[in-house]
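Peer 1: start_11.cif is the file, holding mmCIF, C-alpha atoms:
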```cif
data_final
#
loop_
_atom_site.label_atom_id
_atom_site.label_comp_id
_atom_site.auth_asym_id
_atom_site.auth_seq_id
_atom_site.Cartn_x
_atom_site.Cartn_y
_atom_site.Cartn_z
CA MET A 1 58.06 11.90 -11.98
CA SER A 2 57.26 10.79 -15.51
CA LYS A 3 54.11 8.82 -16.10
CA PRO A 4 54.01 5.08 -16.80
CA ASN A 5 55.24 3.96 -20.18
CA GLY A 6 51.73 2.99 -21.40
CA ARG A 7 50.20 6.37 -20.67
CA ALA A 8 53.30 8.13 -21.96
CA ALA A 9 53.04 6.22 -25.26
CA GLU A 10 49.36 7.18 -25.69
CA SER A 11 50.07 10.87 -25.00
CA LEU A 12 53.11 10.87 -27.30
CA GLU A 13 51.08 9.28 -30.12
CA SER A 14 48.45 12.05 -29.80
CA ALA A 15 51.24 14.65 -29.72
CA LEU A 16 52.69 13.20 -32.96
CA LEU A 17 49.31 13.61 -34.69
CA LEU A 18 49.21 17.26 -33.63
CA ILE A 19 52.85 17.97 -34.61
CA SER A 20 52.30 16.27 -38.01
CA ARG A 21 50.35 19.40 -39.01
CA GLU A 22 53.76 21.15 -39.04
CA PRO A 23 56.03 18.90 -41.21
CA ALA A 24 59.11 21.00 -40.42
CA ALA A 25 58.69 20.51 -36.67
CA LEU A 26 58.11 16.75 -37.02
CA GLU A 27 61.16 16.37 -39.28
CA ALA A 28 63.33 18.28 -36.80
CA LEU A 29 62.13 16.01 -33.97
CA LEU A 30 62.90 12.82 -35.89
CA GLN A 31 66.33 13.93 -37.07
CA HIS A 32 67.39 15.06 -33.60
CA VAL A 33 66.01 12.18 -31.48
CA VAL A 34 65.86 9.02 -33.63
CA PRO A 35 69.18 7.44 -34.64
CA PRO A 36 69.77 7.49 -38.41
CA THR A 37 69.87 3.69 -38.71
CA ARG A 38 66.53 3.26 -36.98
CA LEU A 39 65.10 6.16 -38.95
CA GLN A 40 66.09 4.41 -42.18
CA GLN A 41 64.40 1.21 -40.99
CA LEU A 42 61.22 3.12 -40.23
CA ALA A 43 61.37 4.79 -43.66
CA ARG A 44 61.69 1.41 -45.42
CA SER A 45 58.71 0.05 -43.47
CA ALA A 46 56.63 3.11 -44.41
CA GLY A 47 55.69 1.48 -47.70
CA SER A 48 54.69 3.66 -50.70
CA ARG A 49 55.93 7.23 -50.67
CA ARG A 50 55.46 10.45 -52.60
CA PRO A 51 57.45 10.83 -55.86
CA GLY A 52 60.79 12.62 -55.55
CA LYS A 53 63.86 12.23 -53.41
CA LEU A 54 62.71 12.57 -49.83
CA SER A 55 64.74 12.22 -46.65
CA ALA A 56 64.06 9.37 -44.28
CA ALA A 57 62.51 11.81 -41.79
CA SER A 58 60.12 13.14 -44.46
CA GLN A 59 59.05 9.61 -45.45
CA VAL A 60 58.34 8.66 -41.87
CA GLY A 61 56.48 11.96 -41.29
CA ASP A 62 54.21 11.26 -44.26
CA ALA A 63 53.37 7.80 -42.92
CA VAL A 64 52.56 8.96 -39.38
CA THR A 65 48.98 9.95 -40.15
CA ARG A 66 48.34 6.93 -42.38
CA SER A 67 49.61 3.96 -40.39
CA SER A 68 48.88 3.22 -36.75
CA ARG A 69 51.70 0.63 -36.81
CA MET A 70 54.13 3.33 -37.93
CA ARG A 71 52.99 5.60 -35.09
CA GLN A 72 53.52 2.84 -32.52
CA ASP A 73 57.04 2.09 -33.81
CA LEU A 74 57.89 5.77 -33.94
CA VAL A 75 56.58 6.35 -30.40
CA GLN A 76 58.83 3.58 -29.12
CA ALA A 77 61.81 5.04 -31.00
CA LEU A 78 61.19 8.49 -29.53
CA LEU A 79 60.78 7.12 -26.00
CA ASP A 80 64.10 5.28 -26.44
CA GLY A 81 65.80 8.41 -27.75
CA MET A 82 64.57 10.90 -25.13
CA PRO A 83 65.85 10.21 -21.60
CA ALA A 84 63.35 10.33 -18.72
CA PRO A 85 64.03 12.23 -15.48
CA GLY A 86 65.42 10.00 -12.72
CA ASP A 87 63.41 11.46 -9.87
CA GLN A 88 61.05 14.31 -8.95
CA GLU A 89 63.92 16.60 -7.99
CA GLN A 90 65.50 16.23 -11.40
CA GLU A 91 62.15 16.73 -13.14
CA ALA A 92 61.49 19.92 -11.10
CA SER A 93 64.89 21.32 -12.10
CA LEU A 94 64.13 21.06 -15.82
CA PRO A 95 63.99 24.43 -17.66
CA SER A 96 60.61 26.06 -18.29
CA CYS A 97 59.06 26.73 -21.68
CA ASP A 98 60.31 30.33 -21.68
CA GLU A 99 63.85 29.17 -20.90
CA LEU A 100 63.71 26.63 -23.74
CA SER A 101 62.82 29.28 -26.34
CA GLY A 102 65.38 31.68 -27.73
CA ALA A 103 69.17 31.57 -27.77
CA ARG A 104 69.51 30.03 -24.28
CA ALA A 105 68.21 26.68 -25.52
CA ARG A 106 71.45 26.23 -27.52
CA THR A 107 73.56 26.38 -24.35
CA LEU A 108 71.60 23.67 -22.53
CA PRO A 109 73.00 20.14 -22.40
CA ALA A 110 71.42 17.81 -24.93
CA ASP A 111 70.09 15.39 -22.27
CA GLU A 112 68.49 18.22 -20.29
CA ARG A 113 66.92 19.66 -23.43
CA LEU A 114 65.57 16.24 -24.46
CA MET A 115 64.15 15.56 -20.99
CA ALA A 116 62.34 18.94 -21.07
CA LEU A 117 61.00 18.17 -24.57
CA ARG A 118 59.84 14.71 -23.41
CA ARG A 119 57.98 16.32 -20.48
CA HIS A 120 55.89 18.38 -22.93
CA LEU A 121 55.28 15.53 -25.38
CA VAL A 122 54.06 12.95 -22.87
CA ASP A 123 51.75 15.41 -21.08
CA ASP A 124 47.95 14.96 -21.34
CA ASP A 125 47.38 18.66 -22.12
CA PRO A 126 47.14 19.58 -25.86
CA ASP A 127 48.60 22.98 -24.99
CA SER A 128 51.84 21.25 -23.94
CA TRP A 129 51.94 19.41 -27.28
CA GLN A 130 51.48 22.71 -29.11
CA ALA A 131 54.22 24.27 -26.99
CA ALA A 132 56.60 21.41 -27.98
CA CYS A 133 55.67 21.99 -31.65
CA ASP A 134 56.50 25.69 -31.33
CA LEU A 135 59.85 24.87 -29.66
CA LEU A 136 60.76 22.49 -32.49
CA LEU A 137 59.94 25.15 -35.08
CA ASP A 138 62.13 27.58 -33.13
CA TRP A 139 64.99 25.06 -32.88
CA GLN A 140 64.93 23.72 -36.43
CA GLU A 141 67.53 26.17 -37.78
CA TRP A 142 70.24 25.23 -35.27
CA LEU A 143 69.09 21.87 -33.84
CA PRO A 144 71.97 19.36 -34.37
CA PRO A 145 71.03 16.03 -35.96
CA HIS A 146 71.43 12.77 -34.09
CA PRO A 147 75.08 11.71 -34.14
CA GLN A 148 75.87 9.10 -36.76
CA GLU A 149 76.31 5.56 -35.55
CA PRO A 150 79.66 3.92 -36.30
CA PRO A 151 79.49 1.75 -39.41
CA GLU A 152 79.15 -1.92 -38.81
CA GLU A 153 82.08 -4.10 -39.70
CA ARG A 154 81.32 -6.19 -42.72
CA PRO A 155 81.70 -9.88 -41.98
CA ALA A 156 84.23 -11.90 -43.83
CA PHE A 157 81.54 -13.97 -45.46
CA ALA A 158 78.16 -12.99 -46.98
CA ALA A 159 75.99 -15.72 -45.52
CA PRO A 160 75.06 -13.83 -42.30
CA GLU A 161 74.25 -10.71 -44.37
CA ARG A 162 71.90 -12.73 -46.54
CA ALA A 163 70.36 -14.14 -43.38
CA SER A 164 69.93 -10.61 -42.03
CA ARG A 165 68.22 -9.56 -45.22
CA ALA A 166 65.93 -12.55 -45.01
CA GLU A 167 65.07 -11.64 -41.46
CA LYS A 168 64.27 -8.08 -42.55
CA LYS A 169 62.04 -9.39 -45.32
CA ASP A 170 60.28 -11.67 -42.86
CA GLU A 171 59.80 -8.75 -40.52
CA LEU A 172 58.37 -6.59 -43.33
CA LEU A 173 56.13 -9.45 -44.40
CA ARG A 174 54.96 -9.90 -40.82
CA MET A 175 54.20 -6.16 -40.54
CA ALA A 176 52.38 -6.22 -43.88
CA ARG A 177 50.27 -9.18 -42.81
CA ALA A 178 49.46 -7.47 -39.53
CA GLU A 179 48.42 -4.35 -41.45
CA ILE A 180 46.29 -6.47 -43.81
CA SER A 181 44.64 -8.14 -40.81
CA SER A 182 43.89 -4.75 -39.30
CA LEU A 183 42.43 -3.51 -42.57
CA GLU A 184 40.32 -6.66 -42.92
CA GLN A 185 38.91 -6.08 -39.45
CA ARG A 186 38.06 -2.48 -40.34
CA LEU A 187 36.52 -3.67 -43.63
CA SER A 188 34.37 -6.18 -41.72
CA GLN A 189 33.24 -3.45 -39.33
CA GLU A 190 32.36 -1.16 -42.23
CA ARG A 191 30.39 -3.96 -43.92
CA ARG A 192 28.38 -4.55 -40.74
CA ARG A 193 27.80 -0.83 -40.48
CA LYS A 194 26.71 -0.72 -44.12
CA GLU A 195 24.23 -3.57 -43.54
CA GLU A 196 22.85 -1.76 -40.51
CA LEU A 197 22.44 1.44 -42.53
CA HIS A 198 20.66 -0.49 -45.30
CA HIS A 199 18.31 -1.97 -42.72
CA ARG A 200 17.57 1.46 -41.26
CA LEU A 201 17.05 2.84 -44.78
CA ASP A 202 14.51 0.10 -45.58
CA GLU A 203 12.61 0.92 -42.38
CA ALA A 204 12.63 4.63 -43.22
CA LEU A 205 11.38 3.94 -46.77
CA SER A 206 8.59 1.76 -45.39
CA GLU A 207 7.52 4.52 -42.98
CA ALA A 208 7.67 7.05 -45.82
CA ARG A 209 5.41 4.91 -48.00
CA GLN A 210 2.91 4.58 -45.17
CA GLU A 211 2.89 8.33 -44.59
CA HIS A 212 2.53 8.96 -48.33
CA GLN A 213 -0.46 6.64 -48.48
CA ARG A 214 -1.95 8.35 -45.42
CA ALA A 215 -1.48 11.76 -47.07
CA ALA A 216 -3.14 10.51 -50.27
CA ASP A 217 -6.17 9.29 -48.29
CA ILE A 218 -6.50 12.63 -46.52
CA LYS A 219 -6.19 14.45 -49.85
CA GLN A 220 -9.02 12.39 -51.31
CA ARG A 221 -11.26 13.18 -48.34
CA LEU A 222 -10.45 16.87 -48.66
CA SER A 223 -11.18 16.86 -52.39
CA ARG A 224 -14.70 15.57 -51.67
CA LEU A 225 -15.25 18.53 -49.36
CA ALA A 226 -13.61 21.05 -51.70
CA ALA A 227 -16.80 21.98 -53.57
CA VAL A 228 -18.71 23.04 -50.44
CA SER A 229 -15.66 24.69 -48.89
CA ASP A 230 -14.85 26.67 -52.04
CA ARG A 231 -18.40 27.95 -52.29
CA GLU A 232 -18.44 29.01 -48.65
CA ALA A 233 -15.06 30.74 -49.07
CA ALA A 234 -16.28 32.61 -52.16
CA LEU A 235 -19.46 33.78 -50.40
CA GLU A 236 -17.44 34.86 -47.34
CA HIS A 237 -15.05 36.82 -49.57
CA GLU A 238 -17.92 38.50 -51.39
CA ALA A 239 -19.60 39.38 -48.08
CA SER A 240 -16.34 40.86 -46.80
CA GLN A 241 -16.02 43.04 -49.89
CA LEU A 242 -19.62 44.20 -49.53
CA ARG A 243 -19.09 45.08 -45.85
CA HIS A 244 -16.00 47.06 -46.79
CA ALA A 245 -17.80 48.92 -49.57
CA ARG A 246 -20.74 49.65 -47.24
CA GLY A 247 -18.40 51.08 -44.61
CA ILE A 248 -16.79 53.37 -47.18
CA LEU A 249 -20.17 54.58 -48.41
CA LEU A 250 -21.31 55.31 -44.84
CA GLN A 251 -18.17 57.35 -44.23
CA LYS A 252 -18.70 59.28 -47.44
CA GLN A 253 -22.33 59.91 -46.48
CA GLU A 254 -21.30 61.24 -43.07
CA LEU A 255 -18.72 63.51 -44.66
CA LEU A 256 -21.22 64.82 -47.20
CA GLN A 257 -23.80 65.50 -44.51
CA GLU A 258 -21.23 67.30 -42.40
CA GLU A 259 -20.09 69.38 -45.36
CA ARG A 260 -23.70 70.16 -46.28
CA ASP A 261 -24.60 71.34 -42.77
CA ASP A 262 -21.35 73.26 -42.52
CA LEU A 263 -21.91 74.99 -45.86
CA ARG A 264 -25.52 75.82 -44.95
CA GLY A 265 -24.31 77.53 -41.78
CA VAL A 266 -21.67 79.43 -43.73
CA LEU A 267 -24.21 80.69 -46.24
CA GLU A 268 -26.45 81.86 -43.42
CA ASP A 269 -23.54 83.68 -41.82
CA TYR A 270 -22.58 85.17 -45.14
CA ASP A 271 -26.09 86.59 -45.54
CA ARG A 272 -25.80 88.17 -42.12
CA PHE A 273 -22.53 89.83 -43.07
CA PHE A 274 -24.39 92.48 -44.94
CA GLN A 275 -27.50 92.61 -42.76
CA ASN A 276 -25.65 93.82 -39.70
CA THR A 277 -25.48 97.57 -39.38
CA GLU A 278 -22.01 99.01 -39.47
CA GLU A 279 -20.71 99.50 -35.96
CA GLU A 280 -18.85 102.61 -34.93
CA VAL A 281 -16.19 101.75 -32.39
CA PRO A 282 -14.85 104.79 -30.49
CA SER A 283 -11.17 105.19 -29.84
CA PHE A 284 -9.78 103.40 -26.83
CA ARG A 285 -7.22 106.13 -26.20
CA ASP A 286 -9.90 108.60 -25.04
CA ARG A 287 -11.98 106.14 -23.01
CA PRO A 288 -11.26 104.59 -19.63
CA LEU A 289 -10.70 100.84 -19.47
CA THR A 290 -12.67 98.48 -17.28
CA SER A 291 -11.22 97.26 -13.97
CA HIS A 292 -10.49 93.86 -15.51
CA GLU A 293 -8.65 95.50 -18.40
CA ARG A 294 -6.64 97.71 -16.04
CA THR A 295 -5.55 94.61 -14.12
CA LEU A 296 -4.48 93.01 -17.38
CA VAL A 297 -2.55 96.16 -18.34
CA GLU A 298 -0.65 96.12 -15.04
CA ARG A 299 0.32 92.44 -15.37
CA LEU A 300 1.40 92.91 -18.98
CA GLN A 301 3.47 95.99 -18.04
CA GLN A 302 5.22 93.91 -15.36
CA ARG A 303 6.13 91.34 -18.01
CA ASP A 304 7.39 94.10 -20.29
CA ALA A 305 9.53 95.54 -17.45
CA GLN A 306 11.12 92.08 -17.02
CA GLY A 307 12.08 92.05 -20.70
CA ILE A 308 9.53 89.38 -21.69
CA ALA A 309 8.14 89.66 -25.21
CA ALA A 310 4.50 90.71 -25.56
CA PHE A 311 1.83 88.09 -26.25
CA ARG A 312 0.85 87.59 -29.90
CA ILE A 313 -2.80 86.80 -30.63
CA LEU A 314 -4.25 85.87 -34.03
CA VAL A 315 -7.94 86.54 -34.87
CA VAL A 316 -9.48 84.50 -37.70
CA GLY A 317 -13.01 84.89 -39.10
CA GLY A 318 -15.62 87.23 -40.47
CA GLY A 319 -15.81 89.06 -43.77
CA GLU A 320 -15.25 92.56 -45.05
CA PRO A 321 -17.82 94.24 -42.72
CA GLN A 322 -16.06 92.82 -39.68
CA TYR A 323 -12.55 93.22 -41.03
CA ARG A 324 -13.09 96.99 -41.08
CA HIS A 325 -12.47 96.88 -37.32
CA HIS A 326 -8.91 95.62 -37.88
CA ASP A 327 -7.50 99.05 -37.02
CA LYS A 328 -9.50 99.07 -33.77
CA LEU A 329 -7.96 95.69 -32.93
CA GLN A 330 -4.49 97.15 -33.43
CA GLU A 331 -5.36 100.19 -31.29
CA TYR A 332 -6.85 98.05 -28.52
CA ALA A 333 -3.77 95.76 -28.56
CA GLU A 334 -1.45 98.80 -28.27
CA VAL A 335 -3.42 100.24 -25.32
CA VAL A 336 -3.64 96.96 -23.40
CA GLY A 337 -0.12 95.77 -24.21
CA PHE A 338 -0.18 92.83 -26.64
CA ARG A 339 0.24 92.29 -30.38
CA GLY A 340 -2.74 91.31 -32.53
CA SER A 341 -3.46 90.33 -36.11
CA TRP A 342 -6.71 89.62 -37.98
CA ARG A 343 -7.49 87.45 -41.00
CA MET A 344 -10.81 87.08 -42.73
CA ALA A 345 -12.49 83.66 -42.92
CA GLU A 346 -11.87 81.39 -45.91
CA TYR A 347 -15.12 79.57 -46.76
CA VAL A 348 -14.29 77.80 -50.00
CA SER A 349 -10.63 76.72 -49.75
CA TRP A 350 -10.45 76.61 -45.97
CA HIS A 351 -8.24 73.50 -46.00
CA LYS A 352 -5.46 75.46 -47.75
CA GLU A 353 -5.25 77.79 -44.75
CA LEU A 354 -4.52 74.97 -42.31
CA ASP A 355 -0.83 74.65 -43.22
CA THR A 356 -0.34 78.42 -42.85
CA LEU A 357 -2.20 78.38 -39.53
CA ARG A 358 -0.09 75.46 -38.28
CA ASN A 359 3.19 77.25 -39.08
CA ASP A 360 1.96 80.53 -37.55
CA LEU A 361 0.91 78.94 -34.26
CA GLN A 362 4.21 77.06 -34.00
CA SER A 363 6.42 80.12 -34.49
CA ARG A 364 4.55 83.47 -34.70
CA PHE A 365 1.50 83.50 -32.37
CA ASP A 366 0.79 82.47 -28.80
CA ALA A 367 -3.02 82.15 -28.97
CA LEU A 368 -5.93 81.98 -31.41
CA VAL A 369 -9.37 83.65 -31.41
CA ILE A 370 -11.86 82.11 -33.87
CA LEU A 371 -14.97 84.07 -34.82
CA HIS A 372 -18.08 81.97 -35.16
CA TRP A 373 -18.23 83.02 -38.82
CA ASN A 374 -15.95 80.18 -39.93
CA ARG A 375 -16.48 76.73 -41.34
CA THR A 376 -17.21 74.23 -38.57
CA THR A 377 -14.65 71.84 -40.03
CA PHE A 378 -12.04 74.58 -40.08
CA THR A 379 -12.76 75.39 -36.41
CA ARG A 380 -12.32 71.74 -35.40
CA HIS A 381 -8.99 71.45 -37.20
CA ALA A 382 -7.83 74.80 -35.78
CA ARG A 383 -8.44 73.56 -32.24
CA GLU A 384 -6.42 70.41 -32.96
CA ILE A 385 -3.55 72.56 -34.26
CA CYS A 386 -3.58 74.67 -31.07
CA HIS A 387 -3.53 71.51 -28.97
CA ARG A 388 -0.58 70.00 -30.87
CA SER A 389 1.33 73.31 -30.80
CA GLY A 390 1.69 73.19 -27.02
CA ASN A 391 -1.90 73.49 -25.77
CA LYS A 392 -2.04 77.12 -26.81
CA PRO A 393 -5.30 78.97 -25.93
CA CYS A 394 -8.02 78.76 -28.58
CA VAL A 395 -11.12 80.93 -27.84
CA THR A 396 -14.31 80.94 -29.96
CA CYS A 397 -15.99 84.34 -30.25
CA HIS A 398 -19.67 84.74 -31.17
CA TYR A 399 -19.15 88.02 -33.00
CA GLU A 400 -22.08 90.43 -32.98
CA GLY A 401 -19.89 93.48 -32.45
CA PHE A 402 -16.42 94.55 -31.39
CA THR A 403 -17.44 94.20 -27.73
CA ASN A 404 -17.67 90.45 -28.20
CA LEU A 405 -14.15 90.36 -29.65
CA ARG A 406 -12.92 92.61 -26.80
CA GLU A 407 -14.22 90.14 -24.19
CA SER A 408 -12.75 87.16 -26.07
CA LEU A 409 -9.34 88.86 -26.17
CA GLN A 410 -9.50 89.43 -22.40
CA THR A 411 -10.33 85.72 -21.88
CA CYS A 412 -7.43 84.76 -24.10
CA LEU A 413 -5.01 87.02 -22.16
CA ASP A 414 -6.24 85.53 -18.86
CA GLN A 415 -5.48 82.03 -20.12
CA LEU A 416 -2.04 83.06 -21.35
CA LEU A 417 -1.11 84.71 -18.02
CA SER A 418 -2.47 81.78 -16.00
CA GLY A 419 -0.54 79.27 -18.10
CA GLU A 420 2.63 81.34 -17.73
CA SER A 421 2.26 81.56 -13.92
CA ARG A 422 1.70 77.80 -13.67
CA GLY A 423 4.76 77.17 -15.81
#
```
Would you write out, as structure tokens, the structure that this file holds?

Peer 2:
Amino acid sequence: MSKPNGRAAESLESALLLISREPAALEALLQHVVPPTRLQQLARSAGSRRPGKLSAASQVGDAVTRSSRMRQDLVQALLDGMPAPGDQEQEASLPSCDELSGARARTLPADERLMALRRHLVDDDPDSWQAACDLLLDWQEWLPPHPQEPPEERPAFAAPERASRAEKKDELLRMARAEISSLEQRLSQERRRKEELHHRLDEALSEARQEHQRAADIKQRLSRLAAVSDREAALEHEASQLRHARGILLQKQELLQEERDDLRGVLEDYDRFFQNTEEEVPSFRDRPLTSHERTLVERLQQRDAQGIAAFRILVVGGGEPQYRHHDKLQEYAEVVGFRGSWRMAEYVSWHKELDTLRNDLQSRFDALVILHWNRTTFTRHAREICHRSGNKPCVTCHYEGFTNLRESLQTCLDQLLSGESRG
């Protein structure tokens, strides 16, 4: 069943405000539901209008959002023009929203279509109001206007007509006075609100002045302490700079001492380069290997039989007297079953060799043997490179002869095979 007339009027007034956003839909609603005579009366009571020749429906639509009195009169006109369902059974039989859209809506009886439209407009749900607005936009091209009322018979004398006009003027005057009274009430409310805002503004200004005075007092107290504070801040800044400079100087001193000790050791090693007697290393092809070496040879041959590439070992260190044994290193590597390479030590520009060493250990070699005839700093960086390249073996060899290098190479191969078995 439809809701009481009071609640229906409130919902319909809200629906009118929503539909007024679409002037075409509101105009279609007024022309189809409100009788032309009543629509003209509402247009005349709308007051001022936009310039240009506008229809009565357009004039009333413009006044909907501006005048609450106009909305109340229009709500009553719409409720009078749209029939309400008689009972729940009739209301349940009304077509749905889908049935009202499209070509089928034209075939429905006018009363049934108006009852379905009323059901959407007097609902409390804004979605129903929007649905009614969409239906009106869909119907506007074919929606028939309200049938014209038969013209009134003119009386034989003009006195009643003049009386009717006087009554209309009185009614307009009454509506205007009611509108003025409503506006005066709103004006009074706005004046009270303005006075309240002024009062709150005065309180806020008073609080602001108090806070400003409080800030000025604090600023004065701080200014009296500024001299001592500034001096302490300057001394603290100077002390911080001195601590920083002292730390840098200590670091430089440690680096210089390390470089000095490193260089002293290098010079001592360099003197021993030429003091050592030249060693004659016999060929490994004509001599039997030790038991440890034979075990290594067997394990390396097993790897070779499985198609695994031979280990690659890089030897770094020494000078020309030691580098003469490079051929013996190649021969020993061929007999045992690995690949070896030897580079002499770089004492002056050792840091330039680090990039080359880093690239070699990442792609060309599996392990590194460092002779003790190298810069200490270079040895430390070389170990870090081996660690970052996958924890590759890095063996330090105290080179007094090729036998020392031979033992270091065996240690390196042991570490490589052990790491491979663990992997």

Peer 1: Skip Val297 (chain A) itself and residues of its chain fewer than 6 positions away, then list as number ranges by chain all residues within 9 Å of it, counting all atoms listed in the file.

Peer 2: A: 335-337

Peer 1: Evaluate the PyMOL selection byres ((chain A and resi 340) around 6) and record the selected residues as a PDB file with C-alpha atoms, in the frame of the given file, following the chain and residue labels used in the document.

Peer 2:
```pdb
ATOM      1  CA  ARG A 312       0.850  87.590 -29.900  1.00  0.00           C
ATOM      2  CA  ILE A 313      -2.800  86.800 -30.630  1.00  0.00           C
ATOM      3  CA  LEU A 314      -4.250  85.870 -34.030  1.00  0.00           C
ATOM      4  CA  ARG A 339       0.240  92.290 -30.380  1.00  0.00           C
ATOM      5  CA  SER A 341      -3.460  90.330 -36.110  1.00  0.00           C
TER       6      SER A 341
END
```

Peer 1: Since I can't run it myself right now, could you work out what the PyMOL selection byres ((chain A and resi 20-26) around 12) selects here and report it as a compact mmCIF listing (two decimals) with C-alpha atoms, keeping the file's coordinate frame?

Peer 2:
```
# COMPACT_ATOMS: atom_id res chain seq x y z
CA GLU A 13 51.08 9.28 -30.12
CA SER A 14 48.45 12.05 -29.80
CA ALA A 15 51.24 14.65 -29.72
CA LEU A 16 52.69 13.20 -32.96
CA LEU A 17 49.31 13.61 -34.69
CA LEU A 18 49.21 17.26 -33.63
CA ILE A 19 52.85 17.97 -34.61
CA GLU A 27 61.16 16.37 -39.28
CA ALA A 28 63.33 18.28 -36.80
CA LEU A 29 62.13 16.01 -33.97
CA LEU A 30 62.90 12.82 -35.89
CA GLN A 31 66.33 13.93 -37.07
CA HIS A 32 67.39 15.06 -33.60
CA VAL A 33 66.01 12.18 -31.48
CA VAL A 34 65.86 9.02 -33.63
CA ALA A 56 64.06 9.37 -44.28
CA ALA A 57 62.51 11.81 -41.79
CA SER A 58 60.12 13.14 -44.46
CA GLN A 59 59.05 9.61 -45.45
CA VAL A 60 58.34 8.66 -41.87
CA GLY A 61 56.48 11.96 -41.29
CA ASP A 62 54.21 11.26 -44.26
CA ALA A 63 53.37 7.80 -42.92
CA VAL A 64 52.56 8.96 -39.38
CA THR A 65 48.98 9.95 -40.15
CA ARG A 66 48.34 6.93 -42.38
CA ARG A 71 52.99 5.60 -35.09
CA LEU A 74 57.89 5.77 -33.94
CA LEU A 78 61.19 8.49 -29.53
CA TRP A 129 51.94 19.41 -27.28
CA GLN A 130 51.48 22.71 -29.11
CA ALA A 131 54.22 24.27 -26.99
CA ALA A 132 56.60 21.41 -27.98
CA CYS A 133 55.67 21.99 -31.65
CA ASP A 134 56.50 25.69 -31.33
CA LEU A 135 59.85 24.87 -29.66
CA LEU A 136 60.76 22.49 -32.49
CA LEU A 137 59.94 25.15 -35.08
CA ASP A 138 62.13 27.58 -33.13
CA TRP A 139 64.99 25.06 -32.88
CA GLN A 140 64.93 23.72 -36.43
CA GLU A 141 67.53 26.17 -37.78
CA LEU A 143 69.09 21.87 -33.84
```

Peer 1: What does the distance between CA of Ser363 (chain A) and CA of Ala382 (chain A) come to in Å, to one decimal place?

Peer 2: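 Distance between the two atoms: 15.3 Å.
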
Peer 1: Which residues are close to Glu179 (chain A), i.e. within 12 Å by all atoms listed in the file, leaving aside same-chain residues fewer than 3 positions away? Reply as a PyMOL selection string.

Peer 2: chain A and resi 45-47+66-70+172-176+182-186

Peer 1: Looking at only C-alpha atoms, which of A:Thr379, A:Pro145, A:Ser188, A:Met82 is the one that sits closest to Met115 (chain A)?

Peer 2: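 Once distances to Met115 (chain A) are computed over only C-alpha atoms, the minimum belongs to A:Met82.
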
Peer 1: Find the spatial neighbours of Ser408 (chain A), counting all atoms listed in the file, within a cut-off of 10 Å - ignore same-chain residues fewer than 4 positions away - and output them as a PyMOL selection string.

Peer 2: chain A and resi 369-371+394-399+402-404+412-414

Peer 1: What's the separation between CA of Gly318 (chain A) and CA of Leu409 (chain A), in Å to one decimal place?

Peer 2: 15.7 Å

Peer 1: What would the list of residues within 9 Å of (0.0, 80.0, -25.0) (file frame) look like as a ChimeraX atom specification, if all atoms listed in the file are what count?

Peer 2: /A:311,365-368,386,389-394,412,415-417,419-420

Peer 1: Find the residue from A:Thr377, A:Gln213, A:Thr356, A:Ser11 that sits nearest to Leu121 (chain A); use only C-alpha atoms when measuring.

Peer 2: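 Once distances to Leu121 (chain A) are computed over only C-alpha atoms, the minimum belongs to A:Ser11.
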
Peer 1: Within 7 Å of (-14.1, 86.3, -41.7), all atoms listed in the file: residues as a PyMOL selection string?

Peer 2: chain A and resi 316-319+343-346+373-374

Peer 1: Those same residues - C-alpha atoms - I'd like them written as a PDB file, keeping the file's coordinate frame.

Peer 2:
```
ATOM      1  CA  VAL A 316      -9.480  84.500 -37.700  1.00  0.00           C
ATOM      2  CA  GLY A 317     -13.010  84.890 -39.100  1.00  0.00           C
ATOM      3  CA  GLY A 318     -15.620  87.230 -40.470  1.00  0.00           C
ATOM      4  CA  GLY A 319     -15.810  89.060 -43.770  1.00  0.00           C
ATOM      5  CA  ARG A 343      -7.490  87.450 -41.000  1.00  0.00           C
ATOM      6  CA  MET A 344     -10.810  87.080 -42.730  1.00  0.00           C
ATOM      7  CA  ALA A 345     -12.490  83.660 -42.920  1.00  0.00           C
ATOM      8  CA  GLU A 346     -11.870  81.390 -45.910  1.00  0.00           C
ATOM      9  CA  TRP A 373     -18.230  83.020 -38.820  1.00  0.00           C
ATOM     10  CA  ASN A 374     -15.950  80.180 -39.930  1.00  0.00           C
TER      11      ASN A 374
END
```

Peer 1: Could you state the separation of CA of Leu12 (chain A) and CA of Val75 (chain A) in Å, given to one decimal place?

Peer 2: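 CA of Val75 (chain A) lies 6.5 Å from CA of Leu12 (chain A).
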
Peer 1: Please put the answer as JSON: centre and edge lengths, in Å with one decimal, of a box along x, y and z that encloses all listed atoms of region 348-366 of chain A plus 3 Å on each side.

Peer 2:
```
{"center_x": -3.9, "center_y": 78.5, "center_z": -39.4, "size_x": 26.7, "size_y": 16.0, "size_z": 27.2}
```
